[in-house]
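> The file below is query-v2.tsv, TSV, C-alpha atoms and all ligand atoms:
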chain	number	residue	atom	x	y	z
G	313	MET	CA	88.64	80.42	63.17
G	314	LYS	CA	90.43	82.75	65.58
G	315	SER	CA	93.70	81.60	67.13
G	316	PHE	CA	95.25	82.04	70.58
G	317	ASN	CA	97.35	84.83	69.05
G	318	ASP	CA	94.18	86.72	68.10
G	319	VAL	CA	93.02	86.35	71.68
G	320	VAL	CA	96.33	87.67	73.05
G	321	GLU	CA	96.14	90.62	70.67
G	322	PHE	CA	92.67	91.53	71.89
G	323	HIS	CA	93.50	91.03	75.58
G	324	GLY	CA	96.84	92.84	75.51
G	325	HIS	CA	99.01	90.15	77.10
G	326	SER	CA	99.37	86.41	77.31
G	327	CYS	CA	98.52	84.82	80.65
G	328	PRO	CA	97.36	81.49	82.13
G	329	GLY	CA	93.82	82.80	82.69
G	330	LEU	CA	93.52	83.75	79.06
G	331	ALA	CA	94.79	80.33	78.00
G	332	LEU	CA	92.14	78.67	80.16
G	333	GLY	CA	89.43	80.85	78.65
G	334	TYR	CA	90.69	79.95	75.20
G	335	ARG	CA	90.46	76.23	75.93
G	336	VAL	CA	86.97	76.64	77.41
G	337	ALA	CA	85.80	78.58	74.35
G	338	MET	CA	87.33	76.06	71.96
G	339	ALA	CA	85.59	73.23	73.79
G	340	ALA	CA	82.30	75.09	73.46
G	341	LEU	CA	82.79	75.62	69.74
G	342	GLN	CA	83.70	71.98	69.26
G	343	GLU	CA	80.32	71.23	70.73
G	344	PHE	CA	78.34	73.79	68.76
G	345	GLY	CA	80.32	73.96	65.57
G	346	GLU	CA	80.19	77.63	64.70
G	347	ARG	CA	80.84	81.14	65.91
G	348	ALA	CA	77.82	83.19	66.98
G	349	GLU	CA	76.96	85.78	64.32
G	350	ASP	CA	74.28	87.37	66.37
G	351	GLU	CA	72.40	85.80	69.21
G	352	GLU	CA	72.34	82.16	68.32
G	353	LEU	CA	74.82	81.40	71.06
G	354	VAL	CA	74.68	82.87	74.54
G	355	ALA	CA	77.50	82.65	77.08
G	356	ILE	CA	77.01	82.97	80.80
G	357	VAL	CA	80.31	83.61	82.60
G	358	GLU	CA	80.62	83.34	86.36
G	359	ASN	CA	83.70	85.56	86.76
G	360	ASN	CA	85.20	88.62	85.11
G	361	SER	CA	88.78	87.41	84.80
G	362	CYS	CA	91.16	87.43	81.82
G	363	ALA	CA	89.50	84.21	80.61
G	364	VAL	CA	86.34	86.06	79.60
G	365	ASP	CA	88.21	88.00	76.91
G	366	ALA	CA	89.11	84.71	75.23
G	367	VAL	CA	85.48	83.62	75.41
G	368	GLN	CA	84.42	86.83	73.65
G	369	VAL	CA	86.97	86.60	70.83
G	370	ILE	CA	86.55	82.88	70.16
G	371	THR	CA	82.80	82.41	70.54
G	372	GLY	CA	81.58	85.82	69.36
G	373	CYS	CA	79.50	86.13	72.52
G	374	THR	CA	80.31	89.68	73.55
G	375	PHE	CA	79.39	92.14	76.25
G	376	GLY	CA	78.25	94.69	73.68
G	377	LYS	CA	75.96	92.33	71.80
G	378	GLY	CA	74.27	91.28	74.98
G	379	ASN	CA	74.88	87.57	74.43
G	380	LEU	CA	77.52	87.51	77.15
G	381	VAL	CA	75.95	87.44	80.57
G	382	PHE	CA	78.07	88.06	83.67
G	383	ARG	CA	77.06	86.43	86.91
G	384	ASP	CA	79.34	87.54	89.70
G	385	TYR	CA	79.84	84.18	91.45
G	386	GLY	CA	83.63	84.15	91.39
G	387	LYS	CA	83.63	80.69	89.78
G	388	GLN	CA	85.54	79.35	86.81
G	389	VAL	CA	82.31	78.19	85.22
G	390	TYR	CA	81.10	79.00	81.71
G	391	THR	CA	77.75	78.02	80.25
G	392	PHE	CA	76.98	78.22	76.55
G	393	ILE	CA	73.40	77.92	75.34
G	394	LYS	CA	71.97	77.84	71.84
G	395	ARG	CA	68.99	80.03	71.11
G	396	PRO	CA	66.18	79.15	70.68
G	397	SER	CA	66.62	75.42	71.33
G	398	GLY	CA	68.11	75.80	74.81
G	399	ASP	CA	70.72	73.11	74.11
G	400	GLY	CA	73.63	73.96	76.32
G	401	ILE	CA	76.90	72.96	77.83
G	402	ARG	CA	78.25	73.96	81.19
G	403	ILE	CA	82.02	73.98	81.43
G	404	SER	CA	83.74	74.03	84.78
G	405	VAL	CA	87.49	74.55	84.87
G	406	ASP	CA	89.21	71.97	86.99
G	407	TRP	CA	92.91	72.41	86.41
G	408	LYS	CA	95.65	72.02	88.90
G	409	SER	CA	98.89	73.62	87.97
G	410	SER	CA	101.90	71.41	88.62
G	411	GLU	CA	103.67	71.73	91.96
G	412	GLU	CA	106.12	74.60	92.01
G	413	THR	CA	109.77	73.86	92.61
G	414	ASP	CA	111.46	75.40	95.67
G	415	GLU	CA	113.38	77.64	93.32
G	416	GLU	CA	110.16	78.88	91.67
G	417	LYS	CA	108.53	79.42	95.05
G	418	SER	CA	111.38	81.51	96.38
G	419	MET	CA	111.52	83.58	93.18
G	420	TRP	CA	107.78	84.21	93.46
G	421	ASP	CA	108.17	85.24	97.12
G	422	GLN	CA	110.86	87.71	96.15
G	423	TYR	CA	108.66	89.04	93.34
G	424	MET	CA	105.76	89.56	95.73
G	425	LYS	CA	108.09	91.43	98.08
G	426	GLY	CA	108.78	93.87	95.27
G	427	ASP	CA	112.04	92.43	93.91
G	428	ARG	CA	112.19	93.34	90.21
G	429	SER	CA	115.75	92.18	89.54
G	430	GLU	CA	116.45	90.63	86.18
G	431	GLU	CA	116.82	87.18	87.72
G	432	VAL	CA	113.45	87.32	89.50
G	433	LEU	CA	111.59	88.78	86.52
G	434	LYS	CA	113.01	86.09	84.24
G	435	ALA	CA	112.02	83.32	86.63
G	436	VAL	CA	108.48	84.66	87.03
G	437	HIS	CA	108.12	85.07	83.28
G	438	ASN	CA	109.36	81.54	82.62
G	439	ARG	CA	106.98	80.08	85.17
G	440	LYS	CA	104.07	81.89	83.53
G	441	ALA	CA	105.10	80.79	80.04
G	442	LYS	CA	105.38	77.19	81.27
G	443	LYS	CA	101.87	77.35	82.73
G	444	ILE	CA	100.43	78.78	79.52
G	445	GLY	CA	102.10	76.04	77.50
G	446	LEU	CA	100.75	73.32	79.78
G	447	ILE	CA	97.22	74.71	79.52
G	448	LEU	CA	97.32	75.01	75.74
G	449	GLU	CA	98.60	71.46	75.35
G	450	ALA	CA	96.53	69.64	77.97
G	451	ARG	CA	93.74	67.28	76.98
G	452	ASN	CA	90.19	68.53	77.68
G	453	GLU	CA	89.81	65.88	80.40
G	454	GLU	CA	92.74	67.38	82.31
G	455	LEU	CA	91.32	70.89	82.21
G	456	ILE	CA	87.56	71.00	82.25
G	457	LYS	CA	84.40	69.19	83.25
G	458	ILE	CA	81.53	69.36	80.78
G	459	THR	CA	77.83	68.84	81.43
G	460	LYS	CA	75.36	68.91	78.56
G	461	GLY	CA	71.61	69.28	78.36
G	462	LYS	CA	68.67	71.64	78.03
G	463	MET	CA	69.31	74.85	79.93
G	464	ASP	CA	67.38	77.98	80.82
G	465	LEU	CA	68.09	80.86	78.48
G	466	PRO	CA	68.67	84.24	80.05
G	467	GLU	CA	66.30	86.99	78.95
G	468	GLU	CA	67.06	88.39	75.52
G	469	ALA	CA	68.73	91.77	75.18
G	470	ARG	CA	65.95	94.27	74.58
G	471	ILE	CA	65.77	97.82	73.37
G	472	TYR	CA	64.03	100.20	75.73
G	473	PRO	CA	62.80	103.76	75.31
G	474	SER	CA	65.02	106.50	76.74
G	475	LEU	CA	64.01	109.04	79.32
G	476	THR	CA	65.85	112.23	80.14
G	477	CYS	CA	67.34	112.61	83.60
G	478	ALA	CA	65.86	115.65	85.33
G	479	ILE	CA	69.18	116.46	86.99
G	480	CYS	CA	72.01	115.92	84.47
G	481	GLY	CA	69.89	116.07	81.31
G	482	GLU	CA	71.44	112.90	79.89
G	483	LYS	CA	69.37	110.10	78.40
G	484	VAL	CA	68.83	106.93	80.37
G	485	MET	CA	67.04	103.75	79.31
G	486	GLU	CA	63.72	103.37	81.01
G	487	PRO	CA	64.32	100.30	83.22
G	488	ARG	CA	67.41	101.98	84.73
G	489	ALA	CA	65.68	105.26	85.52
G	490	ARG	CA	64.87	106.06	89.15
G	491	VAL	CA	62.45	108.47	90.79
G	492	LYS	CA	63.92	111.02	93.23
G	493	ASP	CA	61.72	113.67	94.83
G	494	GLY	CA	59.08	112.99	92.20
G	495	LYS	CA	61.53	113.46	89.29
G	496	VAL	CA	62.86	110.90	86.85
G	497	VAL	CA	66.65	110.65	87.25
G	498	CYS	CA	69.55	108.39	86.22
G	499	ILE	CA	71.26	106.09	88.71
G	500	PRO	CA	74.40	108.24	89.26
G	501	CYS	CA	72.19	111.28	90.01
G	502	PHE	CA	69.89	109.16	92.16
G	503	GLU	CA	72.83	108.01	94.25
G	504	LYS	CA	74.35	111.48	94.71
G	601	ZN	ZN	95.40	88.39	81.45
G	602	ZN	ZN	71.48	112.16	85.75
How would this structure read if it were set down as structure tokens?
Ligand SMILES: [Zn+2]
Ligand SMILES: [Zn+2]


Amino acid sequence: MKSFNDVVEFHGHSCPGLALGYRVAMAALQEFGERAEDEELVAIVENNSCAVDAVQVITGCTFGKGNLVFRDYGKQVYTFIKRPSGDGIRISVDWKSSEETDEEKSMWDQYMKGDRSEEVLKAVHNRKAKKIGLILEARNEELIKITKGKMDLPEEARIYPSLTCAICGEKVMEPRARVKDGKVVCIPCFEK
């Protein structure tokens, strides 16, 4: 089982968004029991924030394998579905960070105005670390809402034949090829 440290290592820094993604992914695994080796688990993520990196490391649903589907809805919602049964859980993040103190607010204002003094940096860092700690220690009920049931599986990742772009000469998979002036071209050449 991968830890939060593994997630931080992959992502490159520790942040509240990553911690939320970690908790979401852990909740999904609790439900399903095991990490996806291949395509037995599919994740649909409705944002492309830091959190998604945690989902990839913890659940094994990755962009490259095609069992991570991005829907650009700008929502903190993550759906995990088992193939082929269609048993799924939808996890919606519902976490309110504690009210900031006046001191924290004013430090943040200064930071946003470009103040990078030691005092401001320390305050901002501490605030972030506090948030991460709260997220990692919260109970599931304080962080997320879970709905379970049968869900629609997204289409499986398929392998398509390649065509050669008539303009740049590079290969392009068939469903992404376009026709321009009667020639088969790739999207970047089509849009030029
Ligand atoms: Zn991050
Ligand atoms: Zn091209």

> Quick one: which chain G residues come within 8 Å of ligand ZN 602 (chain G), and what is the nearest atom pair for each with the distance in Å to one decimal, counting all atoms listed in the file, rows ordered by chain and ascending number, as a Markdown table?


| residue | atom | partner | partner_atom | distance |
| --- | --- | --- | --- | --- |
| G:Thr476 | CA | G:ZN602 | ZN | 7.9 |
| G:Cys477 | CA | G:ZN602 | ZN | 4.7 |
| G:Ala478 | CA | G:ZN602 | ZN | 6.6 |
| G:Ile479 | CA | G:ZN602 | ZN | 5.0 |
| G:Cys480 | CA | G:ZN602 | ZN | 4.0 |
| G:Gly481 | CA | G:ZN602 | ZN | 6.1 |
| G:Glu482 | CA | G:ZN602 | ZN | 5.9 |
| G:Lys483 | CA | G:ZN602 | ZN | 7.9 |
| G:Val484 | CA | G:ZN602 | ZN | 8.0 |
| G:Val497 | CA | G:ZN602 | ZN | 5.3 |
| G:Cys498 | CA | G:ZN602 | ZN | 4.3 |
| G:Ile499 | CA | G:ZN602 | ZN | 6.8 |
| G:Pro500 | CA | G:ZN602 | ZN | 6.0 |
| G:Cys501 | CA | G:ZN602 | ZN | 4.4 |
| G:Phe502 | CA | G:ZN602 | ZN | 7.3 |

> Identify the residues within 12 Å of coordinate (108.4, 83.5, 82.6) (same frame as the file), considering all atoms listed in the file, and give the answer as a PDB file with C-alpha atoms, in the frame of the given file.


ATOM      1  CA  SER G 326      99.370  86.410  77.310  1.00  0.00           C
ATOM      2  CA  CYS G 327      98.520  84.820  80.650  1.00  0.00           C
ATOM      3  CA  PRO G 328      97.360  81.490  82.130  1.00  0.00           C
ATOM      4  CA  GLU G 416     110.160  78.880  91.670  1.00  0.00           C
ATOM      5  CA  MET G 419     111.520  83.580  93.180  1.00  0.00           C
ATOM      6  CA  TRP G 420     107.780  84.210  93.460  1.00  0.00           C
ATOM      7  CA  GLU G 430     116.450  90.630  86.180  1.00  0.00           C
ATOM      8  CA  GLU G 431     116.820  87.180  87.720  1.00  0.00           C
ATOM      9  CA  VAL G 432     113.450  87.320  89.500  1.00  0.00           C
ATOM     10  CA  LEU G 433     111.590  88.780  86.520  1.00  0.00           C
ATOM     11  CA  LYS G 434     113.010  86.090  84.240  1.00  0.00           C
ATOM     12  CA  ALA G 435     112.020  83.320  86.630  1.00  0.00           C
ATOM     13  CA  VAL G 436     108.480  84.660  87.030  1.00  0.00           C
ATOM     14  CA  HIS G 437     108.120  85.070  83.280  1.00  0.00           C
ATOM     15  CA  ASN G 438     109.360  81.540  82.620  1.00  0.00           C
ATOM     16  CA  ARG G 439     106.980  80.080  85.170  1.00  0.00           C
ATOM     17  CA  LYS G 440     104.070  81.890  83.530  1.00  0.00           C
ATOM     18  CA  ALA G 441     105.100  80.790  80.040  1.00  0.00           C
ATOM     19  CA  LYS G 442     105.380  77.190  81.270  1.00  0.00           C
ATOM     20  CA  LYS G 443     101.870  77.350  82.730  1.00  0.00           C
ATOM     21  CA  ILE G 444     100.430  78.780  79.520  1.00  0.00           C
ATOM     22  CA  GLY G 445     102.100  76.040  77.500  1.00  0.00           C
TER      23      GLY G 445
END

> What does the distance between CA of Ile458 in chain G and CA of Lys314 in chain G come to in Å, to one decimal place?

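Answer for the CA of Ile458 in chain G to CA of Lys314 in chain G separation: 22.1 Å.
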
> Choose the residue, out of G:Ser361, G:Thr374, G:Gln342, G:Thr413, that has the smallest atom-to-atom separation from ligand ZN 601 (chain G); count only C-alpha atoms and all ligand atoms.

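Nearest to ligand ZN 601 (chain G): G:Ser361.
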
> Which neighbours of range 381-384 of chain G fall inside 7 Å, counting only C-alpha atoms, when residues of the same chain fewer than 6 positions from it are skipped, and could you give them as a list of chain:residue names?

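Counting only the stated atoms, we get G:Ala355, G:Ile356, G:Val357, G:Glu358, G:Asn359.
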
> Using only C-alpha atoms and all ligand atoms, which residue out of G:Leu353, G:Leu330, G:Val336, G:Ile370 lies closest to ligand ZN 601 (chain G)?

G:Leu330

> Please return as a ChimeraX atom specification the residues found within 12 Å of ligand ZN 601 (chain G), counting all atoms listed in the file.

/G:319-334,360-366,440,444

> So, with all atoms listed in the file as the atoms that count, which of G:Lys377, G:Lys504, G:Arg470, G:Lys457 lies closest to Ala340 in chain G?

G:Lys457

> Is it possible to add N, CA, C and O atoms to range 466-491 of chain G and hand it back as an mmCIF file, in the coordinates of the input?


data_model
loop_
_atom_site.group_PDB
_atom_site.id
_atom_site.type_symbol
_atom_site.label_atom_id
_atom_site.label_comp_id
_atom_site.auth_asym_id
_atom_site.auth_seq_id
_atom_site.Cartn_x
_atom_site.Cartn_y
_atom_site.Cartn_z
ATOM 1 N N PRO G 466 68.906 82.953 79.396
ATOM 2 C CA PRO G 466 68.670 84.240 80.050
ATOM 3 C C PRO G 466 67.788 85.105 79.156
ATOM 4 O O PRO G 466 67.681 84.845 77.956
ATOM 5 N N GLU G 467 67.178 86.101 79.711
ATOM 6 C CA GLU G 467 66.300 86.990 78.950
ATOM 7 C C GLU G 467 67.056 87.646 77.804
ATOM 8 O O GLU G 467 68.215 88.009 77.966
ATOM 9 N N GLU G 468 66.407 87.809 76.688
ATOM 10 C CA GLU G 468 67.060 88.390 75.520
ATOM 11 C C GLU G 468 67.310 89.886 75.707
ATOM 12 O O GLU G 468 66.547 90.566 76.376
ATOM 13 N N ALA G 469 68.419 90.337 75.110
ATOM 14 C CA ALA G 469 68.730 91.770 75.180
ATOM 15 C C ALA G 469 67.603 92.533 74.498
ATOM 16 O O ALA G 469 67.242 92.225 73.369
ATOM 17 N N ARG G 470 67.051 93.511 75.157
ATOM 18 C CA ARG G 470 65.950 94.270 74.580
ATOM 19 C C ARG G 470 66.310 95.731 74.411
ATOM 20 O O ARG G 470 67.216 96.231 75.052
ATOM 21 N N ILE G 471 65.551 96.391 73.555
ATOM 22 C CA ILE G 471 65.770 97.820 73.370
ATOM 23 C C ILE G 471 64.638 98.549 74.088
ATOM 24 O O ILE G 471 63.471 98.216 73.901
ATOM 25 N N TYR G 472 65.006 99.476 74.933
ATOM 26 C CA TYR G 472 64.030 100.200 75.730
ATOM 27 C C TYR G 472 63.979 101.664 75.311
ATOM 28 O O TYR G 472 64.958 102.197 74.802
ATOM 29 N N PRO G 473 62.854 102.320 75.574
ATOM 30 C CA PRO G 473 62.800 103.760 75.310
ATOM 31 C C PRO G 473 63.714 104.517 76.273
ATOM 32 O O PRO G 473 64.002 104.035 77.351
ATOM 33 N N SER G 474 64.181 105.690 75.850
ATOM 34 C CA SER G 474 65.020 106.500 76.740
ATOM 35 C C SER G 474 64.196 107.598 77.396
ATOM 36 O O SER G 474 63.272 108.137 76.796
ATOM 37 N N LEU G 475 64.580 107.902 78.596
ATOM 38 C CA LEU G 475 64.010 109.040 79.320
ATOM 39 C C LEU G 475 65.142 110.033 79.529
ATOM 40 O O LEU G 475 66.310 109.680 79.385
ATOM 41 N N THR G 476 64.804 111.238 79.882
ATOM 42 C CA THR G 476 65.850 112.230 80.140
ATOM 43 C C THR G 476 65.926 112.487 81.637
ATOM 44 O O THR G 476 64.906 112.738 82.283
ATOM 45 N N CYS G 477 67.124 112.388 82.163
ATOM 46 C CA CYS G 477 67.340 112.610 83.600
ATOM 47 C C CYS G 477 67.060 114.075 83.934
ATOM 48 O O CYS G 477 67.570 114.975 83.264
ATOM 49 N N ALA G 478 66.253 114.279 84.965
ATOM 50 C CA ALA G 478 65.860 115.650 85.330
ATOM 51 C C ALA G 478 67.013 116.438 85.942
ATOM 52 O O ALA G 478 66.956 117.656 86.036
ATOM 53 N N ILE G 479 68.062 115.746 86.355
ATOM 54 C CA ILE G 479 69.180 116.460 86.990
ATOM 55 C C ILE G 479 70.322 116.738 86.001
ATOM 56 O O ILE G 479 70.712 117.874 85.793
ATOM 57 N N CYS G 480 70.851 115.693 85.360
ATOM 58 C CA CYS G 480 72.010 115.920 84.470
ATOM 59 C C CYS G 480 71.604 116.146 83.016
ATOM 60 O O CYS G 480 72.419 116.550 82.195
ATOM 61 N N GLY G 481 70.361 115.840 82.674
ATOM 62 C CA GLY G 481 69.890 116.070 81.310
ATOM 63 C C GLY G 481 70.323 115.001 80.314
ATOM 64 O O GLY G 481 70.062 115.126 79.119
ATOM 65 N N GLU G 482 71.010 113.959 80.795
ATOM 66 C CA GLU G 482 71.440 112.900 79.890
ATOM 67 C C GLU G 482 70.360 111.830 79.766
ATOM 68 O O GLU G 482 69.527 111.669 80.655
ATOM 69 N N LYS G 483 70.398 111.118 78.634
ATOM 70 C CA LYS G 483 69.370 110.100 78.400
ATOM 71 C C LYS G 483 69.692 108.832 79.186
ATOM 72 O O LYS G 483 70.854 108.465 79.362
ATOM 73 N N VAL G 484 68.670 108.164 79.606
ATOM 74 C CA VAL G 484 68.830 106.930 80.370
ATOM 75 C C VAL G 484 67.730 105.959 79.932
ATOM 76 O O VAL G 484 66.590 106.364 79.725
ATOM 77 N N MET G 485 68.095 104.669 79.753
ATOM 78 C CA MET G 485 67.040 103.750 79.310
ATOM 79 C C MET G 485 66.062 103.492 80.443
ATOM 80 O O MET G 485 66.446 103.428 81.612
ATOM 81 N N GLU G 486 64.819 103.378 80.049
ATOM 82 C CA GLU G 486 63.720 103.370 81.010
ATOM 83 C C GLU G 486 63.888 102.438 82.218
ATOM 84 O O GLU G 486 63.695 102.880 83.348
ATOM 85 N N PRO G 487 64.261 101.165 82.026
ATOM 86 C CA PRO G 487 64.320 100.300 83.220
ATOM 87 C C PRO G 487 65.395 100.690 84.222
ATOM 88 O O PRO G 487 65.378 100.231 85.359
ATOM 89 N N ARG G 488 66.359 101.547 83.799
ATOM 90 C CA ARG G 488 67.410 101.980 84.730
ATOM 91 C C ARG G 488 67.090 103.322 85.383
ATOM 92 O O ARG G 488 67.840 103.773 86.249
ATOM 93 N N ALA G 489 66.028 103.959 84.946
ATOM 94 C CA ALA G 489 65.680 105.260 85.520
ATOM 95 C C ALA G 489 65.141 105.069 86.944
ATOM 96 O O ALA G 489 64.608 104.019 87.287
ATOM 97 N N ARG G 490 65.363 106.084 87.776
ATOM 98 C CA ARG G 490 64.870 106.060 89.150
ATOM 99 C C ARG G 490 64.030 107.313 89.379
ATOM 100 O O ARG G 490 64.127 108.273 88.617
ATOM 101 N N VAL G 491 63.224 107.282 90.450
ATOM 102 C CA VAL G 491 62.450 108.470 90.790
ATOM 103 C C VAL G 491 63.010 109.041 92.090
ATOM 104 O O VAL G 491 63.165 108.327 93.081
#
